[in-house]
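Below is my_file.txt, which holds compact mmCIF, C-alpha atoms.
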```txt
# COMPACT_ATOMS: atom_id res chain seq x y z
CA MET A 1 -18.26 17.12 0.58
CA ASN A 2 -20.68 14.58 1.98
CA THR A 3 -20.55 14.04 5.77
CA GLN A 4 -22.49 11.38 7.66
CA PRO A 5 -22.40 9.33 10.85
CA ALA A 6 -19.96 6.37 10.46
CA ALA A 7 -21.64 3.98 12.81
CA LYS A 8 -20.95 0.61 11.25
CA LEU A 9 -18.25 -2.03 11.16
CA ALA A 10 -18.66 -5.21 9.10
CA MET A 11 -16.24 -8.11 8.73
CA ALA A 12 -16.06 -11.09 6.39
CA GLU A 13 -13.59 -13.81 5.45
CA PHE A 14 -13.26 -16.10 2.49
CA GLU A 15 -10.80 -18.53 0.97
CA VAL A 16 -9.27 -18.47 -2.49
CA ARG A 17 -8.03 -21.62 -4.23
CA THR A 18 -5.13 -20.82 -6.52
CA HIS A 19 -3.76 -22.94 -9.37
CA GLY A 20 -0.13 -21.99 -8.91
CA ARG A 21 1.34 -18.76 -10.16
CA GLY A 22 -1.28 -16.43 -11.55
CA PHE A 23 -4.18 -14.12 -10.80
CA VAL A 24 -7.58 -14.79 -9.24
CA ASP A 25 -10.29 -12.13 -9.67
CA LEU A 26 -11.81 -11.30 -6.25
CA GLY A 27 -14.71 -9.22 -7.61
CA ASP A 28 -17.55 -11.64 -6.85
CA SER A 29 -16.35 -12.45 -3.32
CA LEU A 30 -15.83 -8.77 -2.49
CA ARG A 31 -19.21 -7.73 -3.86
CA ARG A 32 -20.90 -10.46 -1.81
CA ALA A 33 -19.18 -9.25 1.38
CA LEU A 34 -20.32 -5.67 0.73
CA ARG A 35 -23.88 -6.70 -0.11
CA GLU A 36 -24.21 -8.79 3.06
CA SER A 37 -22.83 -5.95 5.19
CA GLY A 38 -25.62 -3.57 4.18
CA LEU A 39 -22.98 -0.82 4.17
CA ARG A 40 -23.53 1.96 1.59
CA ASP A 41 -20.62 4.38 2.04
CA GLY A 42 -17.18 4.16 3.57
CA MET A 43 -14.13 2.02 2.89
CA ALA A 44 -12.96 -1.59 2.80
CA LEU A 45 -9.65 -3.08 3.88
CA VAL A 46 -8.99 -6.32 2.00
CA PHE A 47 -6.12 -8.30 3.50
CA THR A 48 -4.49 -11.68 2.85
CA ARG A 49 -2.78 -13.55 5.68
CA HIS A 50 0.25 -14.78 3.75
CA THR A 51 3.73 -13.69 2.73
CA SER A 52 3.98 -15.35 -0.68
CA CYS A 53 0.90 -14.01 -2.47
CA SER A 54 -0.31 -10.44 -3.05
CA LEU A 55 -3.49 -8.44 -3.37
CA LEU A 56 -3.43 -5.83 -6.10
CA ILE A 57 -5.54 -3.62 -8.30
CA SER A 58 -4.84 -3.94 -11.99
CA GLU A 59 -6.30 -3.57 -15.46
CA ASN A 60 -9.25 -5.95 -15.92
CA ALA A 61 -10.00 -5.76 -19.65
CA ASP A 62 -7.05 -7.37 -21.46
CA PRO A 63 -5.72 -10.62 -19.88
CA GLU A 64 -2.42 -9.87 -21.66
CA VAL A 65 -1.79 -7.16 -19.04
CA ARG A 66 -1.69 -9.78 -16.31
CA ALA A 67 0.49 -12.03 -18.48
CA ASP A 68 2.87 -9.09 -18.97
CA LEU A 69 2.91 -8.42 -15.21
CA GLU A 70 3.87 -12.06 -14.67
CA ARG A 71 6.62 -11.87 -17.33
CA PHE A 72 7.96 -8.62 -15.86
CA PHE A 73 8.13 -9.96 -12.30
CA ALA A 74 9.63 -13.27 -13.46
CA ARG A 75 12.48 -11.27 -15.00
CA LEU A 76 12.81 -8.80 -12.10
CA VAL A 77 12.85 -11.49 -9.38
CA PRO A 78 14.11 -14.66 -11.09
CA ASP A 79 13.34 -18.06 -9.62
CA GLY A 80 16.45 -19.82 -8.40
CA ASP A 81 18.49 -16.60 -8.25
CA PRO A 82 21.81 -17.51 -6.53
CA LEU A 83 21.49 -14.21 -4.61
CA PHE A 84 18.89 -15.86 -2.38
CA ARG A 85 19.82 -18.11 0.57
CA HIS A 86 16.26 -18.80 1.77
CA ASP A 87 15.24 -21.62 -0.57
CA ALA A 88 13.92 -24.31 1.78
CA GLU A 89 10.69 -24.64 -0.21
CA GLY A 90 12.30 -24.46 -3.64
CA PRO A 91 13.49 -21.95 -6.28
CA ASP A 92 10.18 -19.99 -6.15
CA ASP A 93 10.24 -19.62 -2.33
CA MET A 94 12.20 -16.40 -1.80
CA PRO A 95 11.06 -14.80 -5.10
CA ALA A 96 7.48 -15.20 -3.83
CA HIS A 97 8.36 -13.26 -0.65
CA VAL A 98 10.05 -10.49 -2.66
CA ARG A 99 7.08 -10.18 -5.03
CA ALA A 100 4.71 -9.96 -2.03
CA VAL A 101 6.82 -7.17 -0.52
CA LEU A 102 6.94 -5.27 -3.84
CA THR A 103 3.19 -5.47 -4.43
CA GLY A 104 1.66 -5.74 -0.94
CA VAL A 105 -0.75 -8.01 0.90
CA SER A 106 -3.67 -5.59 1.22
CA VAL A 107 -5.74 -3.16 -0.82
CA SER A 108 -8.01 -0.41 0.52
CA LEU A 109 -11.10 0.44 -1.50
CA PRO A 110 -13.57 3.34 -1.30
CA VAL A 111 -17.27 2.40 -1.05
CA ARG A 112 -20.02 4.65 -2.47
CA ASP A 113 -23.76 4.00 -2.85
CA GLY A 114 -23.39 0.33 -1.96
CA ALA A 115 -20.59 -0.43 -4.45
CA TYR A 116 -16.81 -0.29 -4.60
CA ALA A 117 -15.95 3.04 -6.21
CA LEU A 118 -13.33 1.69 -8.59
CA GLY A 119 -12.49 2.82 -12.09
CA THR A 120 -14.04 1.02 -15.06
CA TRP A 121 -10.79 -0.81 -15.79
CA GLN A 122 -9.78 -1.60 -12.21
CA GLY A 123 -10.06 -5.18 -11.00
CA VAL A 124 -9.00 -6.55 -7.61
CA TYR A 125 -6.88 -9.69 -7.81
CA LEU A 126 -5.09 -12.13 -5.60
CA TRP A 127 -1.72 -12.85 -7.18
CA GLU A 128 -0.36 -16.28 -6.32
CA HIS A 129 3.44 -16.17 -6.40
CA ARG A 130 4.15 -19.82 -5.59
CA ALA A 131 4.40 -22.39 -8.39
CA ALA A 132 2.11 -24.85 -6.58
CA PRO A 133 -1.62 -24.37 -5.89
CA HIS A 134 -2.51 -22.98 -2.45
CA THR A 135 -5.58 -22.11 -0.39
CA ARG A 136 -5.33 -18.44 0.61
CA LYS A 137 -7.29 -16.65 3.35
CA VAL A 138 -8.65 -13.17 2.66
CA SER A 139 -10.39 -10.90 5.17
CA VAL A 140 -12.56 -7.86 4.48
CA THR A 141 -13.05 -5.08 7.05
CA LEU A 142 -15.72 -2.54 6.11
CA THR A 143 -16.22 0.73 7.97
CA GLY A 144 -18.83 3.35 7.12
CA CYS A 145 -22.59 3.66 7.19
CA MET B 1 -20.74 -11.56 7.95
CA ASN B 2 -20.45 -9.87 11.32
CA THR B 3 -21.87 -6.32 11.59
CA GLN B 4 -21.54 -4.04 14.61
CA PRO B 5 -21.51 -0.37 15.61
CA ALA B 6 -18.06 1.17 14.86
CA ALA B 7 -18.06 3.81 17.54
CA LYS B 8 -14.43 4.06 18.47
CA LEU B 9 -11.27 5.83 17.35
CA ALA B 10 -7.96 5.29 19.15
CA MET B 11 -4.57 6.83 18.39
CA ALA B 12 -1.05 6.12 19.57
CA GLU B 13 2.50 7.11 18.65
CA PHE B 14 5.87 5.62 19.37
CA GLU B 15 9.48 5.98 18.31
CA VAL B 16 11.78 3.35 16.85
CA ARG B 17 15.54 3.50 17.21
CA THR B 18 17.23 1.93 14.20
CA HIS B 19 20.83 0.71 13.92
CA GLY B 20 21.31 1.66 10.29
CA ARG B 21 20.04 -0.43 7.42
CA GLY B 22 17.91 -3.31 8.59
CA PHE B 23 14.61 -4.41 10.06
CA VAL B 24 12.99 -3.64 13.42
CA ASP B 25 10.08 -5.83 14.53
CA LEU B 26 7.14 -3.64 15.58
CA GLY B 27 5.04 -6.43 17.09
CA ASP B 28 5.39 -5.48 20.76
CA SER B 29 4.73 -1.77 20.19
CA LEU B 30 1.71 -2.49 18.01
CA ARG B 31 0.23 -5.00 20.46
CA ARG B 32 0.64 -2.49 23.30
CA ALA B 33 -1.21 0.21 21.29
CA LEU B 34 -4.08 -2.18 20.59
CA ARG B 35 -4.30 -3.39 24.20
CA GLU B 36 -4.39 0.16 25.56
CA SER B 37 -7.10 1.14 23.05
CA GLY B 38 -9.52 -1.48 24.34
CA LEU B 39 -10.59 -1.97 20.73
CA ARG B 40 -11.67 -5.53 19.83
CA ASP B 41 -12.59 -5.42 16.12
CA GLY B 42 -11.82 -3.13 13.24
CA MET B 43 -8.62 -2.02 11.57
CA ALA B 44 -5.33 -0.25 12.25
CA LEU B 45 -3.40 2.18 10.06
CA VAL B 46 0.30 2.10 10.97
CA PHE B 47 2.20 5.00 9.43
CA THR B 48 5.78 6.30 9.58
CA ARG B 49 6.49 9.99 9.03
CA HIS B 50 9.61 9.63 6.90
CA THR B 51 10.67 9.17 3.27
CA SER B 52 13.74 7.00 3.75
CA CYS B 53 12.38 4.08 5.76
CA SER B 54 9.44 1.73 5.13
CA LEU B 55 6.80 -0.21 6.98
CA LEU B 56 6.16 -3.67 5.61
CA ILE B 57 4.74 -7.08 6.35
CA SER B 58 7.10 -9.96 5.78
CA GLU B 59 7.96 -13.47 6.77
CA ASN B 60 8.85 -13.63 10.48
CA ALA B 61 10.27 -17.14 10.96
CA ASP B 62 13.58 -17.28 9.09
CA PRO B 63 15.82 -14.18 9.49
CA GLU B 64 17.44 -15.18 6.18
CA VAL B 65 14.30 -13.90 4.42
CA ARG B 66 15.01 -10.38 5.65
CA ALA B 67 18.69 -10.74 4.74
CA ASP B 68 17.60 -11.82 1.24
CA LEU B 69 15.24 -8.85 0.98
CA GLU B 70 18.15 -6.57 1.89
CA ARG B 71 20.42 -8.25 -0.71
CA PHE B 72 17.73 -8.01 -3.38
CA PHE B 73 17.05 -4.31 -2.80
CA ALA B 74 20.77 -3.51 -2.58
CA ARG B 75 21.13 -4.96 -6.09
CA LEU B 76 17.91 -3.42 -7.45
CA VAL B 77 18.65 0.09 -6.13
CA PRO B 78 22.43 0.30 -5.78
CA ASP B 79 24.02 2.82 -3.46
CA GLY B 80 25.99 5.45 -5.34
CA ASP B 81 24.25 4.71 -8.65
CA PRO B 82 25.41 7.44 -11.10
CA LEU B 83 21.79 7.63 -12.32
CA PHE B 84 20.93 9.59 -9.17
CA ARG B 85 21.56 13.34 -8.84
CA HIS B 86 20.06 13.77 -5.35
CA ASP B 87 22.99 12.67 -3.18
CA ALA B 88 23.36 15.52 -0.69
CA GLU B 89 23.33 13.10 2.25
CA GLY B 90 25.54 10.45 0.66
CA PRO B 91 25.38 7.43 -1.66
CA ASP B 92 22.51 5.84 0.33
CA ASP B 93 20.34 9.01 0.21
CA MET B 94 18.38 8.59 -3.02
CA PRO B 95 18.34 4.76 -2.88
CA ALA B 96 16.59 5.11 0.51
CA HIS B 97 13.85 7.26 -1.10
CA VAL B 98 13.40 4.76 -3.96
CA ARG B 99 13.17 1.82 -1.55
CA ALA B 100 10.56 3.71 0.52
CA VAL B 101 8.50 4.37 -2.63
CA LEU B 102 8.74 0.72 -3.71
CA THR B 103 7.71 -0.68 -0.33
CA GLY B 104 5.56 2.08 1.23
CA VAL B 105 5.42 4.02 4.49
CA SER B 106 2.23 2.49 5.92
CA VAL B 107 0.56 -0.84 6.53
CA SER B 108 -3.12 -1.44 7.26
CA LEU B 109 -4.00 -4.35 9.51
CA PRO B 110 -7.31 -6.05 10.31
CA VAL B 111 -8.19 -6.40 14.03
CA ARG B 112 -10.31 -9.29 15.33
CA ASP B 113 -11.11 -10.30 18.93
CA GLY B 114 -8.57 -7.88 20.36
CA ALA B 115 -5.63 -8.99 18.20
CA TYR B 116 -4.17 -8.21 14.80
CA ALA B 117 -5.59 -10.80 12.41
CA LEU B 118 -2.32 -11.62 10.68
CA GLY B 119 -1.10 -14.91 9.31
CA THR B 120 1.14 -17.12 11.42
CA TRP B 121 4.20 -16.12 9.41
CA GLN B 122 3.44 -12.42 9.00
CA GLY B 123 5.48 -9.92 10.98
CA VAL B 124 5.26 -6.13 10.81
CA TYR B 125 8.63 -4.41 10.43
CA LEU B 126 10.12 -0.98 10.07
CA TRP B 127 12.80 -1.18 7.41
CA GLU B 128 15.55 1.39 7.85
CA HIS B 129 17.02 2.25 4.44
CA ARG B 130 19.70 4.70 5.57
CA ALA B 131 23.17 3.44 6.50
CA ALA B 132 23.24 5.47 9.73
CA PRO B 133 21.05 4.89 12.82
CA HIS B 134 17.91 7.05 13.02
CA THR B 135 14.99 7.67 15.38
CA ARG B 136 11.78 7.04 13.45
CA LYS B 137 8.25 8.14 14.40
CA VAL B 138 5.38 5.70 13.95
CA SER B 139 1.68 6.45 14.47
CA VAL B 140 -1.18 4.00 14.92
CA THR B 141 -4.79 4.92 14.09
CA LEU B 142 -7.33 2.32 15.22
CA THR B 143 -10.99 2.40 14.16
CA GLY B 144 -13.62 -0.12 15.18
CA CYS B 145 -15.40 -1.17 18.34
CA MET C 1 -3.33 6.49 23.96
CA ASN C 2 -6.21 8.76 23.01
CA THR C 3 -9.62 7.09 22.57
CA GLN C 4 -12.75 8.81 21.29
CA PRO C 5 -16.06 8.12 19.56
CA ALA C 6 -15.49 7.70 15.76
CA ALA C 7 -18.86 8.90 14.60
CA LYS C 8 -18.09 10.53 11.30
CA LEU C 9 -17.62 9.62 7.66
CA ALA C 10 -16.80 12.27 5.05
CA MET C 11 -16.25 11.82 1.32
CA ALA C 12 -14.90 14.06 -1.41
CA GLU C 13 -13.78 13.76 -5.03
CA PHE C 14 -11.65 15.90 -7.27
CA GLU C 15 -9.97 15.75 -10.64
CA VAL C 16 -6.30 16.20 -11.45
CA ARG C 17 -5.08 17.44 -14.84
CA THR C 18 -1.70 15.94 -15.67
CA HIS C 19 0.80 17.15 -18.27
CA GLY C 20 2.07 13.74 -19.25
CA ARG C 21 4.61 11.81 -17.23
CA GLY C 22 5.40 13.50 -13.95
CA PHE C 23 4.18 14.36 -10.47
CA VAL C 24 1.28 16.54 -9.31
CA ASP C 25 1.27 17.69 -5.67
CA LEU C 26 -2.13 16.89 -4.10
CA GLY C 27 -1.55 18.86 -0.88
CA ASP C 28 -3.98 21.73 -1.54
CA SER C 29 -6.82 19.47 -2.75
CA LEU C 30 -6.38 17.12 0.20
CA ARG C 31 -6.26 19.93 2.76
CA ARG C 32 -9.44 21.42 1.30
CA ALA C 33 -11.24 18.06 1.58
CA LEU C 34 -10.20 17.73 5.22
CA ARG C 35 -11.15 21.31 6.09
CA GLU C 36 -14.61 20.94 4.53
CA SER C 37 -15.19 17.66 6.38
CA GLY C 38 -14.80 19.27 9.79
CA LEU C 39 -13.03 16.07 10.86
CA ARG C 40 -10.27 16.52 13.48
CA ASP C 41 -8.88 13.03 14.14
CA GLY C 42 -8.91 9.74 12.27
CA MET C 43 -7.64 8.65 8.88
CA ALA C 44 -8.04 9.33 5.16
CA LEU C 45 -8.04 6.91 2.25
CA VAL C 46 -6.97 8.68 -0.93
CA PHE C 47 -7.66 6.60 -4.04
CA THR C 48 -7.32 7.09 -7.79
CA ARG C 49 -9.62 5.23 -10.19
CA HIS C 50 -7.02 4.34 -12.82
CA THR C 51 -4.45 1.67 -13.64
CA SER C 52 -1.78 3.81 -15.30
CA CYS C 53 -1.08 6.46 -12.66
CA SER C 54 -0.13 6.14 -8.97
CA LEU C 55 -0.61 7.88 -5.67
CA LEU C 56 2.49 8.02 -3.53
CA ILE C 57 4.17 9.74 -0.62
CA SER C 58 7.62 11.09 -1.35
CA GLU C 59 10.17 13.71 -0.41
CA ASN C 60 8.78 17.22 -1.02
CA ALA C 61 11.82 19.48 -0.59
CA ASP C 62 14.18 18.76 -3.51
CA PRO C 63 12.48 18.37 -6.94
CA GLU C 64 15.53 16.35 -7.99
CA VAL C 65 14.20 13.46 -5.86
CA ARG C 66 11.15 13.21 -8.13
CA ALA C 67 13.33 13.52 -11.22
CA ASP C 68 15.48 10.66 -9.86
CA LEU C 69 12.36 8.56 -9.19
CA GLU C 70 11.33 9.13 -12.81
CA ARG C 71 14.81 8.18 -14.09
CA PHE C 72 14.90 5.07 -11.91
CA PHE C 73 11.48 3.82 -13.04
CA ALA C 74 12.25 4.63 -16.70
CA ARG C 75 15.26 2.31 -16.42
CA LEU C 76 13.47 -0.37 -14.35
CA VAL C 77 10.40 -0.54 -16.62
CA PRO C 78 11.59 0.64 -20.05
CA ASP C 79 9.10 2.00 -22.57
CA GLY C 80 8.82 -0.24 -25.61
CA ASP C 81 10.33 -3.24 -23.83
CA PRO C 82 9.91 -6.22 -26.21
CA LEU C 83 8.93 -8.30 -23.17
CA PHE C 84 5.51 -6.64 -23.21
CA ARG C 85 2.71 -7.79 -25.55
CA HIS C 86 0.05 -5.33 -24.33
CA ASP C 87 0.98 -2.22 -26.33
CA ALA C 88 -2.31 -1.17 -27.94
CA GLU C 89 -1.92 2.39 -26.66
CA GLY C 90 1.79 2.71 -27.40
CA PRO C 91 5.22 1.96 -25.91
CA ASP C 92 4.30 3.61 -22.56
CA ASP C 93 1.06 1.61 -22.16
CA MET C 94 2.21 -1.53 -20.33
CA PRO C 95 5.07 0.22 -18.47
CA ALA C 96 2.41 2.55 -16.99
CA HIS C 97 0.48 -0.47 -15.66
CA VAL C 98 3.64 -2.00 -14.17
CA ARG C 99 4.62 1.28 -12.50
CA ALA C 100 1.10 1.60 -11.04
CA VAL C 101 1.32 -1.94 -9.62
CA LEU C 102 4.78 -1.27 -8.14
CA THR C 103 3.76 1.99 -6.45
CA GLY C 104 0.01 1.61 -5.82
CA VAL C 105 -3.16 3.57 -6.54
CA SER C 106 -3.98 4.63 -2.96
CA VAL C 107 -2.38 6.15 0.11
CA SER C 108 -3.76 6.08 3.65
CA LEU C 109 -2.98 9.06 5.87
CA PRO C 110 -3.39 9.63 9.61
CA VAL C 111 -5.33 12.77 10.66
CA ARG C 112 -4.59 14.60 13.93
CA ASP C 113 -5.93 17.96 15.22
CA GLY C 114 -7.50 18.80 11.89
CA ALA C 115 -4.39 18.16 9.75
CA TYR C 116 -2.73 15.25 7.99
CA ALA C 117 -0.11 13.92 10.40
CA LEU C 118 2.69 13.61 7.86
CA GLY C 119 6.40 14.16 8.31
CA THR C 120 7.93 17.51 7.43
CA TRP C 121 9.39 16.15 4.21
CA GLN C 122 6.45 14.00 3.14
CA GLY C 123 4.34 15.17 0.19
CA VAL C 124 1.42 13.33 -1.42
CA TYR C 125 1.63 13.14 -5.20
CA LEU C 126 -0.25 11.75 -8.14
CA TRP C 127 2.31 10.22 -10.48
CA GLU C 128 1.20 10.24 -14.11
CA HIS C 129 2.82 7.29 -15.92
CA ARG C 130 1.43 7.93 -19.41
CA ALA C 131 3.33 10.16 -21.84
CA ALA C 132 0.19 12.11 -22.78
CA PRO C 133 -1.77 14.45 -20.47
CA HIS C 134 -4.79 12.92 -18.72
CA THR C 135 -7.61 13.92 -16.39
CA ARG C 136 -7.44 11.69 -13.30
CA LYS C 137 -10.15 11.13 -10.71
CA VAL C 138 -9.20 11.03 -7.02
CA SER C 139 -11.50 10.20 -4.11
CA VAL C 140 -10.98 10.90 -0.40
CA THR C 141 -12.71 8.87 2.31
CA LEU C 142 -12.28 10.29 5.81
CA THR C 143 -13.28 8.39 8.96
CA GLY C 144 -12.90 9.69 12.49
CA CYS C 145 -14.36 12.43 14.64
```
As structure tokens, the full file:
Amino acid sequence: MNTQPAAKLAMAEFEVRTHGRGFVDLGDSLRRALRESGLRDGMALVFTRHTSCSLLISENADPEVRADLERFFARLVPDGDPLFRHDAEGPDDMPAHVRAVLTGVSVSLPVRDGAYALGTWQGVYLWEHRAAPHTRKVSVTLTGC
Amino acid sequence: MNTQPAAKLAMAEFEVRTHGRGFVDLGDSLRRALRESGLRDGMALVFTRHTSCSLLISENADPEVRADLERFFARLVPDGDPLFRHDAEGPDDMPAHVRAVLTGVSVSLPVRDGAYALGTWQGVYLWEHRAAPHTRKVSVTLTGC
Amino acid sequence: MNTQPAAKLAMAEFEVRTHGRGFVDLGDSLRRALRESGLRDGMALVFTRHTSCSLLISENADPEVRADLERFFARLVPDGDPLFRHDAEGPDDMPAHVRAVLTGVSVSLPVRDGAYALGTWQGVYLWEHRAAPHTRKVSVTLTGC
């Protein structure tokens, strides 16, 4: 057990350009935010201000894992499903909301010794659920010392 | 990057009366907790002390989105599914636990300039998964400055 | 509303031995981390550094609830599903990643009066999604006072 004063709060924001459905690795942007904060230990809340994309932690070694995630969710929440009545923006509109609810719009990460204390195979991704490209806003809130 | 002392912890609790399955908007209760805390920047952990309701962030403009979420989850986790053996409290008992696991019992929110830094279309809801009305306890833990 | 200085950060780590697919109750390990921190009020981020197990909050009274969760996820994300191409480590490889994405690798818990402020029926579990036993790393980040 390591106990210290937790005197610091740091905040950053950045934008992510997506190319339609798929994953964007947030590693570089998140590391920059942590480096600029000067924070060494604590935690980070990463949050996206949208209801049709997600933030998630997933396997970062084999791109086929992310392709399989996409295939699985495409089958679980099919575009154009007649179950859905909210389709003003097209057949991918409501499925994008369902995917965002199933996977979440934030991740919380431990920080140790000036780095995110993730596993070797954990990457942090923004998952675009809409078919069209979008610009997505992401905020980082760091607390610690 | 904005760095400041994070000297403050604020805590609140409130109850939510549900009317059976469906969504309750927590916006007013959460804004009151933040206002009374005097906290301007940081983050909030919103947590509900139950295993058969959820907290989630979803689209807040078209009520049909929440109706579609309900329809989707009713199909994904059907009441009375013979797969389930835990049914002491009725056909909606185990489906409520599965829904709570799939969607989670907490949300973490960034705070900026005395407000929750959510997107325009993001609302925070308690989702009652049981068929009968319940009184649900929600806690808010705010850290920041 | 209860407002106080939030001057403290405490961090702990522990390992969990799993016996293949199934749930491990983290209550004792988490209570020990909190006790050793001396922290009374605030929040805890519990995080596991893997992409094929989850942390979750679920019903702690009837073990049949966890058996039903296992049955539900085994049906929702079947082992050996021909949809999946990432199967280097066997038929449970990709399903484990999907389950971890659906249920998450962290939980955030409120702390009040030196205890986790959970509901009576809420337990915190590590859910092993791989068929074989593993050693899993879990970190706890406590902020508060």
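Using all atoms listed in the file for every distance, the candidate list C:Pro95, C:Pro110, C:Gly20, C:Pro133 yields C:Pro95 as the residue closest to chain A.
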- Message: So that I can see what lies close to Asp87 (chain C), please list as number ranges by chain the residues with an atom at most 12 Å from it, counting all atoms listed in the file and leaving out residues fewer than 5 positions away in the same chain.
- Response: A: 62, 64-65, 68; C: 79-82, 92-97
- Between B:Gly104, B:Gly27, B:Pro63, B:Gly22, single out the one closest to Gly123 (chain B), counting all atoms listed in the file.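 Checking each of B:Gly104, B:Gly27, B:Pro63, B:Gly22 against Gly123 (chain B), counting all atoms listed in the file, the winner is B:Gly27.
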- Computed interatomic separation between CA of Val111 (chain A) and CA of Leu56 (chain C) (Å):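 Between these atoms lies a distance of 20.7 Å.
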- With a cut-off of 7 Å and counting all atoms listed in the file, select all residues of chain B in contact with chain A and give the selection as number ranges by chain. B: 1-7, 42, 58-59, 64-65, 68-69, 102-103, 110, 118-119, 122, 144
- Query: Which one of B:His129, B:His134, B:Arg31, B:Arg71 sits closest to Ser54 (chain B) if you count only C-alpha atoms?
  - Reply: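 Under the stated criterion, the closest residue is B:His129.
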- Task: Fewer than 6 positions away in the same chain doesn't count, so skip those; otherwise give me all residues within 9 Å of Val16 (chain B), counting only C-alpha atoms, as number ranges by chain.
- Result: B: 24, 26, 126, 134-138
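Separating CA of Arg21 (chain B) from CA of Val124 (chain B) is a distance of 16.2 Å.
Here CA of Ala117 (chain B) and CA of Ile57 (chain C) stand 26.2 Å from one another.
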